[in-house]
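Right, one structure below, let's go through it.
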Amino acid sequence: MKKLTVLAVDDVLANRISLQYLIEEYCDDIDVVLAESGEEALKITYTLDINLIILDIQMPGMDGFETAKYLKSNPKTGNIPVIFLTAAFKKEEFQQKGFEIGAIDYLTKPIEDQQFINKIKLYKEVILKTKELEAVNNNLYKSLQEEIRLKETIQRQHREIAEQSKMVALGDMLSNIAHQWRQPLSIISTCSSGMSLKKEMNILTDEELSENLERITDITDQLSHTIDGFKSNIFEDIKTKCNLAEFIRNTVNSKSYLFEQNNISIIQDLNEDIEIITLPNSLQQSLLNILINSIEVLDNIKGEKLIFIDLYIKDDLITISIKDNGGGIEQKNLHKVFEPYFTTKHKKQGIGLGLTNVYNNVVTNLHGKVKVDNKRFSYEETSYKGTQVKITLNYSMSKSFDAKNISF
């Protein structure tokens, strides 16, 4: 336990010695400092850390009241508790004045030893508890200041992250547009260069010219829709009620030219009765990213190219399953497929944002789940292996989906 220092001030030597004896004999962990006058007491408080002052009122020169006034006026000593000593016959005369100055107690002469010791022990406990509270308050104040500084730092970091997120979102959108535009632009380039070559050789027919121009027009319309879709997905995706089977068919049809160009057959098994309220752009971009990934995988295989799309509901869970016969993903890479910029393709074939955006759209925007697995399956008595992506949505929540909780 930390020691306290008590200053005993009395002009009579015998009184000072008596006070010192009583305190040091019966009170542990208290040091006593003696002063014979008010002036000497003030000098001591300037140099020592005093915790309690026992101050005689009637002293020559500077009396106890005057000494107490000086103590209370000094910020260094103003909070030191003061106990006045006074003759019994003058106690009532000085009591009011002493309390007005700031005394915490009065003791009368001659001192009753046991009463004095009990009071000193009591004030010792009060002073120690006060010091503990002050230490706690100081720690709380420091903690509060640190928390305020930390909060300001976090708020500043959040502002910086928000600005960075805007740039990342824009970069992701541009990268994803590039990801989806690569094959359509390749088709346009092939049509254009093919017509140019045939024109030079004078073998381009009017019918072929018309077909190719119509095809280029359809593809450029789709490219324009891609931009609008991404812009809406980021800034203005609005909850919409739809028949899910019809929605999936329309999404697939929007990329029909890619399936035809790559000789890919689409096999759909869709429950026609599922009506949901959803964020259409988030869902459509998710489906398109999955389909385009399958198209790119199937570009590397020979023989029949198949994509299967299934839609069903079980135990209040809607499942959209999209699988291909592209051979699947290496097992060691399955857990990485949702990581940004992870790709097993050459850089010129994509930057690996497709499934990352699927995950963000399904989990964050649609409050669903998405899982990627390798799958072995049979179709028309032929066995295949490929990648299966499953999107799972809660049917009950999808019927009353509240887009107000989602930020874009």
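Identifiers in this document derive from the order of the structure tokens: chains are assigned A, B, ..., residues are numbered from 1 separately in each chain, and ligands are numbered from 1 in order of occurrence.
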key: For Lys323 of chain A: contacts at 7 Å, only C-alpha atoms, fewer than 6 positions along chain excluded, given as a PyMOL selection string   = chain A and resi 307-309+386-389
Got a sec: who's within 9 Å of segment 246-253 of chain A, counting only C-alpha atoms, leaving out chain neighbours fewer than 4 positions off, as a PDB file with N, CA and C atoms, in the first residue's frame?
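Produced file result.pdb, reproduced below:
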ATOM      1  N   CYS A 242     -40.254 -11.159 -60.939  1.00  0.00           N
ATOM      2  CA  CYS A 242     -40.107 -11.830 -62.236  1.00  0.00           C
ATOM      3  C   CYS A 242     -40.348 -13.323 -62.087  1.00  0.00           C
ATOM      4  N   TYR A 257     -25.831 -15.534 -79.868  1.00  0.00           N
ATOM      5  CA  TYR A 257     -24.847 -15.463 -80.949  1.00  0.00           C
ATOM      6  C   TYR A 257     -23.522 -16.105 -80.517  1.00  0.00           C
ATOM      7  N   ILE A 266     -27.357 -25.632 -75.572  1.00  0.00           N
ATOM      8  CA  ILE A 266     -27.852 -25.281 -74.239  1.00  0.00           C
ATOM      9  C   ILE A 266     -29.029 -26.203 -73.914  1.00  0.00           C
ATOM     10  N   GLN A 268     -31.821 -26.856 -71.127  1.00  0.00           N
ATOM     11  CA  GLN A 268     -32.429 -26.200 -69.974  1.00  0.00           C
ATOM     12  C   GLN A 268     -33.544 -27.057 -69.376  1.00  0.00           C
ATOM     13  N   LEU A 270     -36.099 -26.123 -66.494  1.00  0.00           N
ATOM     14  CA  LEU A 270     -36.450 -25.017 -65.618  1.00  0.00           C
ATOM     15  C   LEU A 270     -37.844 -25.187 -65.028  1.00  0.00           C
ATOM     16  N   GLU A 272     -41.096 -23.789 -64.078  1.00  0.00           N
ATOM     17  CA  GLU A 272     -41.772 -22.616 -64.638  1.00  0.00           C
ATOM     18  C   GLU A 272     -42.584 -21.838 -63.611  1.00  0.00           C
ATOM     19  N   PRO A 280     -32.547  -7.564 -60.635  1.00  0.00           N
ATOM     20  CA  PRO A 280     -32.347  -8.243 -61.922  1.00  0.00           C
ATOM     21  C   PRO A 280     -30.943  -8.104 -62.489  1.00  0.00           C
ATOM     22  N   GLN A 284     -28.619 -11.173 -63.346  1.00  0.00           N
ATOM     23  CA  GLN A 284     -28.263 -11.392 -64.746  1.00  0.00           C
ATOM     24  C   GLN A 284     -26.746 -11.377 -64.952  1.00  0.00           C
ATOM     25  N   LEU A 287     -25.329 -14.701 -63.840  1.00  0.00           N
ATOM     26  CA  LEU A 287     -25.569 -15.779 -64.806  1.00  0.00           C
ATOM     27  C   LEU A 287     -24.680 -15.619 -66.036  1.00  0.00           C
ATOM     28  N   LEU A 288     -24.554 -14.393 -66.524  1.00  0.00           N
ATOM     29  CA  LEU A 288     -23.740 -14.151 -67.720  1.00  0.00           C
ATOM     30  C   LEU A 288     -22.278 -14.470 -67.471  1.00  0.00           C
ATOM     31  N   LEU A 291     -21.898 -18.218 -67.569  1.00  0.00           N
ATOM     32  CA  LEU A 291     -22.030 -18.732 -68.934  1.00  0.00           C
ATOM     33  C   LEU A 291     -20.806 -18.412 -69.784  1.00  0.00           C
ATOM     34  N   ILE A 309     -28.498 -26.011 -67.843  1.00  0.00           N
ATOM     35  CA  ILE A 309     -29.031 -25.048 -66.875  1.00  0.00           C
ATOM     36  C   ILE A 309     -30.270 -25.657 -66.234  1.00  0.00           C
ATOM     37  N   LEU A 311     -33.160 -25.340 -63.009  1.00  0.00           N
ATOM     38  CA  LEU A 311     -33.774 -24.478 -62.001  1.00  0.00           C
ATOM     39  C   LEU A 311     -34.807 -25.303 -61.253  1.00  0.00           C
TER      40      LEU A 311
END
key: Surrounding residues of Ile53 of chain A excluding itself and chain neighbours under 5 positions, 8 Å, only C-alpha atoms, as JSON, numbers by chain   = {"A": [6, 7, 8, 9, 80, 81, 82, 83]}
Residues from last step as file, C-alpha atoms, as a compact mmCIF listing (two decimals), in the first residue's frame:
# COMPACT_ATOMS: atom_id res chain seq x y z
CA VAL A 6 0.45 14.09 6.86
CA LEU A 7 1.52 17.62 7.73
CA ALA A 8 0.88 18.58 11.39
CA VAL A 9 1.01 22.34 12.03
CA ILE A 80 -5.40 18.87 0.13
CA PRO A 81 -7.89 18.00 2.91
CA VAL A 82 -7.53 20.22 6.02
CA ILE A 83 -8.51 19.29 9.58
request  = Would you return as number ranges by chain the members of segment 99-321 of chain A that DSSP assigns to helix (DSSP H, G or I) on this structure's backbone?
outcome  = A: 99-101, 113-200, 206-235, 244-253, 256-261, 280-298
remark   = With distances taken over only C-alpha atoms, the candidate from A:Glu304, A:Asp31, A:Glu134, A:Glu125 nearest Asn325 of chain A is A:Glu304
Which residues come within 7 Å of segment 361-364 of chain A, counting only C-alpha atoms, excluding same-chain residues fewer than 4 positions away, as a compact mmCIF listing (two decimals) with N, CA and C atoms, in the first residue's frame?
# COMPACT_ATOMS: atom_id res chain seq x y z
N SER A 282 -28.08 -7.65 -60.87
CA SER A 282 -27.14 -8.47 -60.11
C SER A 282 -27.26 -9.94 -60.50
N SER A 286 -24.52 -12.17 -62.84
CA SER A 286 -24.00 -13.41 -62.27
C SER A 286 -24.14 -14.56 -63.27
N ASN A 357 -17.04 -11.53 -59.30
CA ASN A 357 -18.24 -10.70 -59.41
C ASN A 357 -19.51 -11.52 -59.14
N GLY A 368 -27.61 -14.61 -51.12
CA GLY A 368 -27.65 -16.04 -51.39
C GLY A 368 -26.30 -16.69 -51.19
N LYS A 369 -26.13 -17.88 -51.76
CA LYS A 369 -24.86 -18.60 -51.68
C LYS A 369 -24.48 -19.07 -53.08
N VAL A 370 -23.19 -19.24 -53.31
CA VAL A 370 -22.71 -19.74 -54.59
C VAL A 370 -21.59 -20.74 -54.32
